[in-house]
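Here's structure11.pdb, which has PDB, C-alpha atoms, pLDDT in the B column:
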```
ATOM      1  CA  MET P  10       0.000   0.000   0.000  1.00 43.00           C
ATOM      2  CA  ASP P  11       2.629   2.435  -1.028  1.00 42.00           C
ATOM      3  CA  SER P  12       0.655   5.616  -1.321  1.00 41.00           C
ATOM      4  CA  THR P  13       1.275   9.024  -2.776  1.00 41.00           C
ATOM      5  CA  SER P  14      -1.633  10.489  -0.905  1.00 44.00           C
ATOM      6  CA  GLY P  15      -2.897  13.655  -2.464  1.00 46.00           C
ATOM      7  CA  SER P  16      -0.605  13.714  -5.516  1.00 49.00           C
ATOM      8  CA  ALA P  17      -2.143  14.688  -8.858  1.00 47.00           C
ATOM      9  CA  ASP P  18      -1.465  11.202 -10.267  1.00 55.00           C
ATOM     10  CA  SER P  19      -3.371   9.476  -7.466  1.00 68.00           C
ATOM     11  CA  ILE P  20      -6.515  11.602  -7.498  1.00 74.00           C
ATOM     12  CA  TYR P  21      -8.188   9.843 -10.418  1.00 78.00           C
ATOM     13  CA  VAL P  22      -8.835   6.147 -10.839  1.00 77.00           C
ATOM     14  CA  PRO P  23      -6.656   4.700 -13.627  1.00 76.00           C
ATOM     15  CA  ASP P  24      -8.453   4.031 -16.941  1.00 77.00           C
ATOM     16  CA  ALA P  25      -7.651   0.308 -16.674  1.00 77.00           C
ATOM     17  CA  VAL P  26      -9.875  -0.102 -13.610  1.00 82.00           C
ATOM     18  CA  GLN P  27     -12.938  -2.096 -14.657  1.00 79.00           C
ATOM     19  CA  ARG P  28     -14.596  -2.833 -11.320  1.00 89.00           C
ATOM     20  CA  ALA P  29     -15.275  -1.091  -8.048  1.00 90.00           C
ATOM     21  CA  ALA P  30     -16.314  -2.538  -4.714  1.00 92.00           C
ATOM     22  CA  LYS P  31     -17.857  -0.724  -1.771  1.00 96.00           C
ATOM     23  CA  ILE P  32     -17.150  -1.562   1.874  1.00 97.00           C
ATOM     24  CA  LEU P  33     -18.633   0.161   4.916  1.00 96.00           C
ATOM     25  CA  VAL P  34     -16.529   0.921   7.970  1.00 96.00           C
ATOM     26  CA  VAL P  35     -18.969   1.047  10.867  1.00 96.00           C
ATOM     27  CA  GLY P  36     -18.947   1.298  14.627  1.00 94.00           C
ATOM     28  CA  HIS P  37     -20.135   3.365  17.529  1.00 90.00           C
ATOM     29  CA  PHE P  38     -19.170   6.948  18.271  1.00 86.00           C
ATOM     30  CA  ALA P  39     -15.408   7.563  18.705  1.00 86.00           C
ATOM     31  CA  VAL P  40     -14.268   4.039  17.883  1.00 91.00           C
ATOM     32  CA  GLY P  41     -11.743   4.952  15.147  1.00 91.00           C
ATOM     33  CA  LYS P  42     -13.612   4.748  11.821  1.00 93.00           C
ATOM     34  CA  THR P  43     -12.234   8.043  10.482  1.00 92.00           C
ATOM     35  CA  THR P  44      -8.744   7.058  11.600  1.00 93.00           C
ATOM     36  CA  LEU P  45      -8.886   3.630   9.923  1.00 96.00           C
ATOM     37  CA  ILE P  46     -10.075   5.064   6.603  1.00 95.00           C
ATOM     38  CA  GLY P  47      -7.395   7.755   6.749  1.00 94.00           C
ATOM     39  CA  THR P  48      -4.775   5.113   7.482  1.00 96.00           C
ATOM     40  CA  LEU P  49      -5.746   2.947   4.487  1.00 96.00           C
ATOM     41  CA  SER P  50      -6.802   5.464   1.853  1.00 95.00           C
ATOM     42  CA  GLU P  51      -4.430   6.121  -1.040  1.00 94.00           C
ATOM     43  CA  ILE P  52      -6.068   9.510  -1.579  1.00 92.00           C
ATOM     44  CA  THR P  53      -6.627  12.263   0.922  1.00 88.00           C
ATOM     45  CA  PRO P  54      -9.861  10.990   2.463  1.00 85.00           C
ATOM     46  CA  LEU P  55     -13.059  12.957   2.359  1.00 80.00           C
ATOM     47  CA  ARG P  56     -14.065  13.733   5.914  1.00 68.00           C
ATOM     48  CA  THR P  57     -17.169  15.450   7.199  1.00 64.00           C
ATOM     49  CA  GLU P  58     -15.725  16.230  10.605  1.00 65.00           C
ATOM     50  CA  GLU P  59     -17.222  19.101  12.559  1.00 60.00           C
ATOM     51  CA  ARG P  60     -16.239  20.548  15.898  1.00 65.00           C
ATOM     52  CA  MET P  61     -18.280  19.227  18.751  1.00 54.00           C
ATOM     53  CA  THR P  62     -20.300  21.905  20.494  1.00 56.00           C
ATOM     54  CA  GLN P  63     -21.986  22.388  23.812  1.00 57.00           C
ATOM     55  CA  ALA P  64     -25.312  21.622  22.104  1.00 54.00           C
ATOM     56  CA  GLY P  65     -24.237  17.992  21.656  1.00 53.00           C
ATOM     57  CA  ALA P  66     -22.781  17.607  25.139  1.00 51.00           C
ATOM     58  CA  HIS P  67     -25.867  15.819  26.490  1.00 51.00           C
ATOM     59  CA  ILE P  68     -26.036  13.533  23.407  1.00 56.00           C
ATOM     60  CA  ASP P  69     -22.443  12.484  22.682  1.00 55.00           C
ATOM     61  CA  ASP P  70     -20.978  10.253  25.367  1.00 58.00           C
ATOM     62  CA  LEU P  71     -17.294  11.152  25.706  1.00 54.00           C
ATOM     63  CA  ARG P  72     -16.510   8.681  28.496  1.00 61.00           C
ATOM     64  CA  GLY P  73     -14.376   6.524  26.199  1.00 57.00           C
ATOM     65  CA  ALA P  74     -12.824   9.471  24.321  1.00 57.00           C
ATOM     66  CA  PRO P  75     -12.537  12.496  26.620  1.00 54.00           C
ATOM     67  CA  ASP P  76     -10.120  14.305  24.268  1.00 62.00           C
ATOM     68  CA  LYS P  77     -12.373  14.044  21.205  1.00 52.00           C
ATOM     69  CA  VAL P  78     -13.174  17.489  19.772  1.00 52.00           C
ATOM     70  CA  THR P  79     -14.615  16.636  16.328  1.00 57.00           C
ATOM     71  CA  THR P  80     -17.169  14.150  15.046  1.00 58.00           C
ATOM     72  CA  THR P  81     -18.282  12.774  11.686  1.00 56.00           C
ATOM     73  CA  VAL P  82     -21.627  14.262  10.678  1.00 53.00           C
ATOM     74  CA  ALA P  83     -22.217  12.544   7.326  1.00 56.00           C
ATOM     75  CA  LEU P  84     -19.544  10.120   6.150  1.00 83.00           C
ATOM     76  CA  ASP P  85     -15.888   9.411   5.594  1.00 90.00           C
ATOM     77  CA  PHE P  86     -14.678   8.274   2.181  1.00 91.00           C
ATOM     78  CA  GLY P  87     -11.425   6.697   1.086  1.00 94.00           C
ATOM     79  CA  ARG P  88     -10.119   4.728  -1.860  1.00 94.00           C
ATOM     80  CA  LEU P  89      -7.754   1.800  -2.206  1.00 93.00           C
ATOM     81  CA  THR P  90      -6.669   0.445  -5.594  1.00 90.00           C
ATOM     82  CA  LEU P  91      -6.311  -3.314  -5.198  1.00 87.00           C
ATOM     83  CA  SER P  92      -5.166  -4.177  -8.723  1.00 86.00           C
ATOM     84  CA  ASP P  93      -4.979  -2.732 -12.212  1.00 86.00           C
ATOM     85  CA  GLU P  94      -8.654  -3.597 -12.638  1.00 87.00           C
ATOM     86  CA  LEU P  95     -10.202  -3.279  -9.155  1.00 88.00           C
ATOM     87  CA  VAL P  96     -10.661  -0.360  -6.798  1.00 90.00           C
ATOM     88  CA  LEU P  97     -12.140  -0.504  -3.301  1.00 94.00           C
ATOM     89  CA  TYR P  98     -14.175   2.386  -1.916  1.00 95.00           C
ATOM     90  CA  LEU P  99     -14.363   2.723   1.865  1.00 96.00           C
ATOM     91  CA  PHE P 100     -17.356   4.525   3.343  1.00 94.00           C
ATOM     92  CA  GLY P 101     -17.329   5.349   7.048  1.00 92.00           C
ATOM     93  CA  THR P 102     -20.661   5.825   8.764  1.00 89.00           C
ATOM     94  CA  PRO P 103     -21.239   8.326  11.549  1.00 81.00           C
ATOM     95  CA  GLY P 104     -21.454   6.672  14.945  1.00 69.00           C
ATOM     96  CA  GLN P 105     -24.250   8.598  16.614  1.00 62.00           C
ATOM     97  CA  GLN P 106     -27.850   7.386  16.584  1.00 68.00           C
ATOM     98  CA  ARG P 107     -29.094  10.716  15.266  1.00 61.00           C
ATOM     99  CA  PHE P 108     -27.389   9.975  11.914  1.00 66.00           C
ATOM    100  CA  VAL P 109     -28.805   6.486  11.278  1.00 70.00           C
ATOM    101  CA  GLU P 110     -30.991   7.843   8.450  1.00 76.00           C
ATOM    102  CA  LEU P 111     -27.816   7.911   6.335  1.00 77.00           C
ATOM    103  CA  TRP P 112     -27.345   4.164   6.661  1.00 80.00           C
ATOM    104  CA  GLU P 113     -29.909   3.116   4.062  1.00 83.00           C
ATOM    105  CA  ASP P 114     -28.162   4.953   1.242  1.00 86.00           C
ATOM    106  CA  MET P 115     -24.702   4.023   2.432  1.00 86.00           C
ATOM    107  CA  ALA P 116     -25.559   0.337   2.767  1.00 91.00           C
ATOM    108  CA  ARG P 117     -26.998   0.154  -0.746  1.00 92.00           C
ATOM    109  CA  GLY P 118     -24.492  -1.636  -2.980  1.00 94.00           C
ATOM    110  CA  SER P 119     -22.077  -2.443  -0.165  1.00 95.00           C
ATOM    111  CA  LEU P 120     -20.436  -5.838  -0.208  1.00 95.00           C
ATOM    112  CA  GLY P 121     -20.114  -5.881   3.561  1.00 97.00           C
ATOM    113  CA  ALA P 122     -19.005  -4.006   6.648  1.00 97.00           C
ATOM    114  CA  LEU P 123     -15.934  -3.854   8.822  1.00 98.00           C
ATOM    115  CA  LEU P 124     -17.343  -3.341  12.324  1.00 97.00           C
ATOM    116  CA  LEU P 125     -14.908  -1.523  14.607  1.00 97.00           C
ATOM    117  CA  VAL P 126     -15.300  -2.259  18.297  1.00 95.00           C
ATOM    118  CA  ASP P 127     -13.813  -0.653  21.393  1.00 91.00           C
ATOM    119  CA  PRO P 128     -13.567  -3.446  24.000  1.00 89.00           C
ATOM    120  CA  ALA P 129     -14.044  -0.879  26.784  1.00 87.00           C
ATOM    121  CA  ARG P 130     -17.452   0.102  25.352  1.00 88.00           C
ATOM    122  CA  LEU P 131     -18.990  -3.136  24.055  1.00 91.00           C
ATOM    123  CA  ALA P 132     -22.550  -2.102  24.942  1.00 92.00           C
ATOM    124  CA  ASP P 133     -22.297   0.749  22.422  1.00 91.00           C
ATOM    125  CA  THR P 134     -21.754  -1.844  19.678  1.00 94.00           C
ATOM    126  CA  PHE P 135     -25.181  -3.517  19.875  1.00 95.00           C
ATOM    127  CA  PRO P 136     -27.138  -0.795  18.019  1.00 93.00           C
ATOM    128  CA  VAL P 137     -24.526  -0.889  15.241  1.00 93.00           C
ATOM    129  CA  ILE P 138     -24.756  -4.684  14.937  1.00 95.00           C
ATOM    130  CA  ASP P 139     -28.542  -4.301  14.719  1.00 93.00           C
ATOM    131  CA  LEU P 140     -28.165  -1.844  11.817  1.00 92.00           C
ATOM    132  CA  VAL P 141     -25.663  -4.041   9.970  1.00 94.00           C
ATOM    133  CA  GLU P 142     -27.982  -7.023  10.309  1.00 94.00           C
ATOM    134  CA  THR P 143     -31.064  -4.949   9.394  1.00 92.00           C
ATOM    135  CA  TYR P 144     -29.418  -4.098   6.066  1.00 93.00           C
ATOM    136  CA  GLY P 145     -28.336  -7.704   5.513  1.00 94.00           C
ATOM    137  CA  LEU P 146     -24.619  -6.960   5.406  1.00 95.00           C
ATOM    138  CA  GLU P 147     -22.008  -9.613   6.037  1.00 96.00           C
ATOM    139  CA  TYR P 148     -19.427  -8.289   8.463  1.00 98.00           C
ATOM    140  CA  ALA P 149     -16.204  -8.905  10.305  1.00 98.00           C
ATOM    141  CA  VAL P 150     -15.421  -7.496  13.744  1.00 98.00           C
ATOM    142  CA  ALA P 151     -12.211  -5.511  14.136  1.00 97.00           C
ATOM    143  CA  VAL P 152     -11.388  -4.898  17.792  1.00 96.00           C
ATOM    144  CA  ASN P 153      -9.590  -1.566  17.828  1.00 93.00           C
ATOM    145  CA  SER P 154      -7.049  -2.227  20.561  1.00 84.00           C
ATOM    146  CA  PHE P 155      -5.856   1.145  21.762  1.00 68.00           C
ATOM    147  CA  ASP P 156      -4.018  -0.605  24.586  1.00 67.00           C
ATOM    148  CA  PRO P 157      -2.535  -3.964  23.521  1.00 61.00           C
ATOM    149  CA  TYR P 158      -2.091  -4.975  27.158  1.00 58.00           C
ATOM    150  CA  SER P 159      -5.821  -4.849  27.892  1.00 63.00           C
ATOM    151  CA  ARG P 160      -6.749  -7.318  25.158  1.00 71.00           C
ATOM    152  CA  HIS P 161      -9.757  -9.507  25.926  1.00 80.00           C
ATOM    153  CA  ALA P 162      -9.857 -13.130  24.825  1.00 88.00           C
ATOM    154  CA  GLU P 163     -11.628 -13.637  21.503  1.00 91.00           C
ATOM    155  CA  GLU P 164     -14.121 -16.085  23.004  1.00 93.00           C
ATOM    156  CA  GLU P 165     -15.096 -13.551  25.676  1.00 93.00           C
ATOM    157  CA  LEU P 166     -15.733 -10.933  22.999  1.00 92.00           C
ATOM    158  CA  ARG P 167     -17.699 -13.370  20.853  1.00 94.00           C
ATOM    159  CA  GLU P 168     -19.900 -14.261  23.789  1.00 95.00           C
ATOM    160  CA  ALA P 169     -20.334 -10.655  24.914  1.00 94.00           C
ATOM    161  CA  LEU P 170     -21.328  -9.544  21.393  1.00 95.00           C
ATOM    162  CA  ASP P 171     -23.390 -12.693  20.712  1.00 95.00           C
ATOM    163  CA  LEU P 172     -21.612 -13.302  17.399  1.00 96.00           C
ATOM    164  CA  LEU P 173     -22.297 -16.177  15.050  1.00 94.00           C
ATOM    165  CA  PRO P 174     -19.491 -18.770  14.986  1.00 94.00           C
ATOM    166  CA  ASP P 175     -18.450 -17.837  11.430  1.00 95.00           C
ATOM    167  CA  THR P 176     -18.233 -14.067  12.098  1.00 97.00           C
ATOM    168  CA  PRO P 177     -14.522 -13.232  11.941  1.00 97.00           C
ATOM    169  CA  VAL P 178     -12.908 -11.371  14.833  1.00 97.00           C
ATOM    170  CA  VAL P 179      -9.553  -9.665  14.353  1.00 96.00           C
ATOM    171  CA  TYR P 180      -7.565  -7.301  16.556  1.00 94.00           C
ATOM    172  CA  CYS P 181      -6.248  -4.107  15.010  1.00 95.00           C
ATOM    173  CA  ASP P 182      -4.896  -0.654  15.684  1.00 95.00           C
ATOM    174  CA  ALA P 183      -6.698   1.789  13.379  1.00 95.00           C
ATOM    175  CA  ARG P 184      -3.646   4.067  13.456  1.00 95.00           C
ATOM    176  CA  ASP P 185      -1.398   1.385  11.946  1.00 96.00           C
ATOM    177  CA  GLU P 186      -1.557   0.724   8.187  1.00 96.00           C
ATOM    178  CA  LYS P 187      -0.533  -2.953   8.296  1.00 96.00           C
ATOM    179  CA  SER P 188      -2.854  -3.710  11.191  1.00 95.00           C
ATOM    180  CA  SER P 189      -5.785  -1.944   9.500  1.00 96.00           C
ATOM    181  CA  ALA P 190      -5.034  -3.725   6.221  1.00 96.00           C
ATOM    182  CA  ARG P 191      -5.119  -7.111   8.021  1.00 97.00           C
ATOM    183  CA  ALA P 192      -8.574  -6.260   9.387  1.00 97.00           C
ATOM    184  CA  LEU P 193      -9.802  -5.310   5.915  1.00 96.00           C
ATOM    185  CA  ILE P 194      -8.312  -8.486   4.414  1.00 95.00           C
ATOM    186  CA  THR P 195     -10.121 -10.534   7.075  1.00 97.00           C
ATOM    187  CA  LEU P 196     -13.418  -8.993   5.974  1.00 96.00           C
ATOM    188  CA  VAL P 197     -12.701  -9.551   2.269  1.00 93.00           C
ATOM    189  CA  GLN P 198     -11.787 -13.203   2.891  1.00 94.00           C
ATOM    190  CA  HIS P 199     -15.047 -13.627   4.814  1.00 96.00           C
ATOM    191  CA  LEU P 200     -17.017 -12.061   1.971  1.00 93.00           C
ATOM    192  CA  LEU P 201     -15.310 -14.285  -0.604  1.00 89.00           C
ATOM    193  CA  ALA P 202     -16.105 -17.373   1.484  1.00 90.00           C
ATOM    194  CA  HIS P 203     -19.793 -16.428   1.462  1.00 84.00           C
ATOM    195  CA  VAL P 204     -20.002 -16.085  -2.324  1.00 77.00           C
ATOM    196  CA  ALA P 205     -18.059 -19.292  -3.003  1.00 64.00           C
TER     197      ALA P 205
END
```

Kindly transcribe the structure held in the file into structure tokens.
Amino acid sequence: MDSTSGSADSIYVPDAVQRAAKILVVGHFAVGKTTLIGTLSEITPLRTEERMTQAGAHIDDLRGAPDKVTTTVALDFGRLTLSDELVLYLFGTPGQQRFVELWEDMARGSLGALLLVDPARLADTFPVIDLVETYGLEYAVAVNSFDPYSRHAEEELREALDLLPDTPVVYCDARDEKSSARALITLVQHLLAHVA
């Protein structure tokens, strides 16, 4: 994933590209969706980040992210060219419940979803799982491990999130390109297994 982010040559998709695939990056508020897309995107990602205001103080729970000062209000968008013929578009959903109306359009045409999870805030994940399942999306769970020493056992997470046995679970750090790429590859392998 050698990237020349933002260069004139990387802005446009090469003419040879024949196919595009769409993946959602989903998760609760302040779990790292914007960071993961920014880490993987070969172009400067489109971000709809706005400063958080006092008006949202009673709505946005900052317990897990006390230093957070911006939030996604529509979507994040990134691109990753996988081969001469295939490009992957990454769409990040906003994490707050007040933006769920955007999900229907974003889910349309998506192959699946990479569900980011903060193990310290598992309860916040249930509404997101409900949305993913409502829209019939296959998904993989990427546990965004901000602190590698506080890692929970996979079986504990599976039980806590009530995951199906074939739902992949992978640990990642959304700030790290290789780690984020492994999470995305896990999802793609899962999707390929379901179409085979």

Explicit residue set for the PyMOL selection byres ((chain P and resi 33-39) around 6), as a list in words: Ile32, Val40, Gly41, Leu99, Phe100, Gly101, Thr102, Gly104, Gln105, Ala122, Leu123, Leu124, Leu125, Asp133 and Thr134 of chain P

Let me see the file: selected residues, C-alpha atoms, as a PDB file, in the frame of the given file.
```pdb
ATOM      1  CA  ILE P  32     -17.150  -1.562   1.874  1.00 97.00           C
ATOM      2  CA  VAL P  40     -14.268   4.039  17.883  1.00 91.00           C
ATOM      3  CA  GLY P  41     -11.743   4.952  15.147  1.00 91.00           C
ATOM      4  CA  LEU P  99     -14.363   2.723   1.865  1.00 96.00           C
ATOM      5  CA  PHE P 100     -17.356   4.525   3.343  1.00 94.00           C
ATOM      6  CA  GLY P 101     -17.329   5.349   7.048  1.00 92.00           C
ATOM      7  CA  THR P 102     -20.661   5.825   8.764  1.00 89.00           C
ATOM      8  CA  GLY P 104     -21.454   6.672  14.945  1.00 69.00           C
ATOM      9  CA  GLN P 105     -24.250   8.598  16.614  1.00 62.00           C
ATOM     10  CA  ALA P 122     -19.005  -4.006   6.648  1.00 97.00           C
ATOM     11  CA  LEU P 123     -15.934  -3.854   8.822  1.00 98.00           C
ATOM     12  CA  LEU P 124     -17.343  -3.341  12.324  1.00 97.00           C
ATOM     13  CA  LEU P 125     -14.908  -1.523  14.607  1.00 97.00           C
ATOM     14  CA  ASP P 133     -22.297   0.749  22.422  1.00 91.00           C
ATOM     15  CA  THR P 134     -21.754  -1.844  19.678  1.00 94.00           C
TER      16      THR P 134
END
```

Given the PyMOL selection byres ((chain P and resi 145-154) around 8), the residues it picks as a PyMOL selection string: chain P and resi 40-41+116+119-128+141-144+155-157+159-160+176-183+192+195-196+199-200

Neighbour list for Leu95 in chain P as an MDAnalysis selection string, cut-off 9 Å, all atoms listed in the file, skip fewer than 2 positions in-chain: chainID P and resid 25:30 89:93 97

P:Thr43, P:Phe86, P:Glu51, P:Ile138 ranked by distance to Leu173 in chain P, top pick (using only C-alpha atoms):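 When distances to Leu173 in chain P are compared using only C-alpha atoms, the smallest one comes from P:Ile138.
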
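Interatomic distance, CA of Leu166 in chain P to CA of Leu49 in chain P: 25.2 Å.
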
Among listed residues P:Ile52, P:Gly47, P:Asp175, P:Asp24, nearest Gln198 in chain P (using all atoms listed in the file):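 Looking at the shortest contact to Gln198 in chain P, the residue is P:Asp175.
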
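Picture a line from CA of Ala190 in chain P to CA of Gly87 in chain P; it runs 13.3 Å.
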
Pick from P:Lys42, P:Val204, P:Leu172, P:Asp85, whichever lies nearest to Phe135 in chain P using all atoms listed in the file: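 Result for the nearest residue to Phe135 in chain P: P:Leu172.
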
Atomic separation - CA of Tyr21 in chain P relative to CA of Leu55 in chain P, Å: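 Computing the Euclidean distance for CA of Leu55 in chain P and CA of Tyr21 in chain P yields 14.0 Å.
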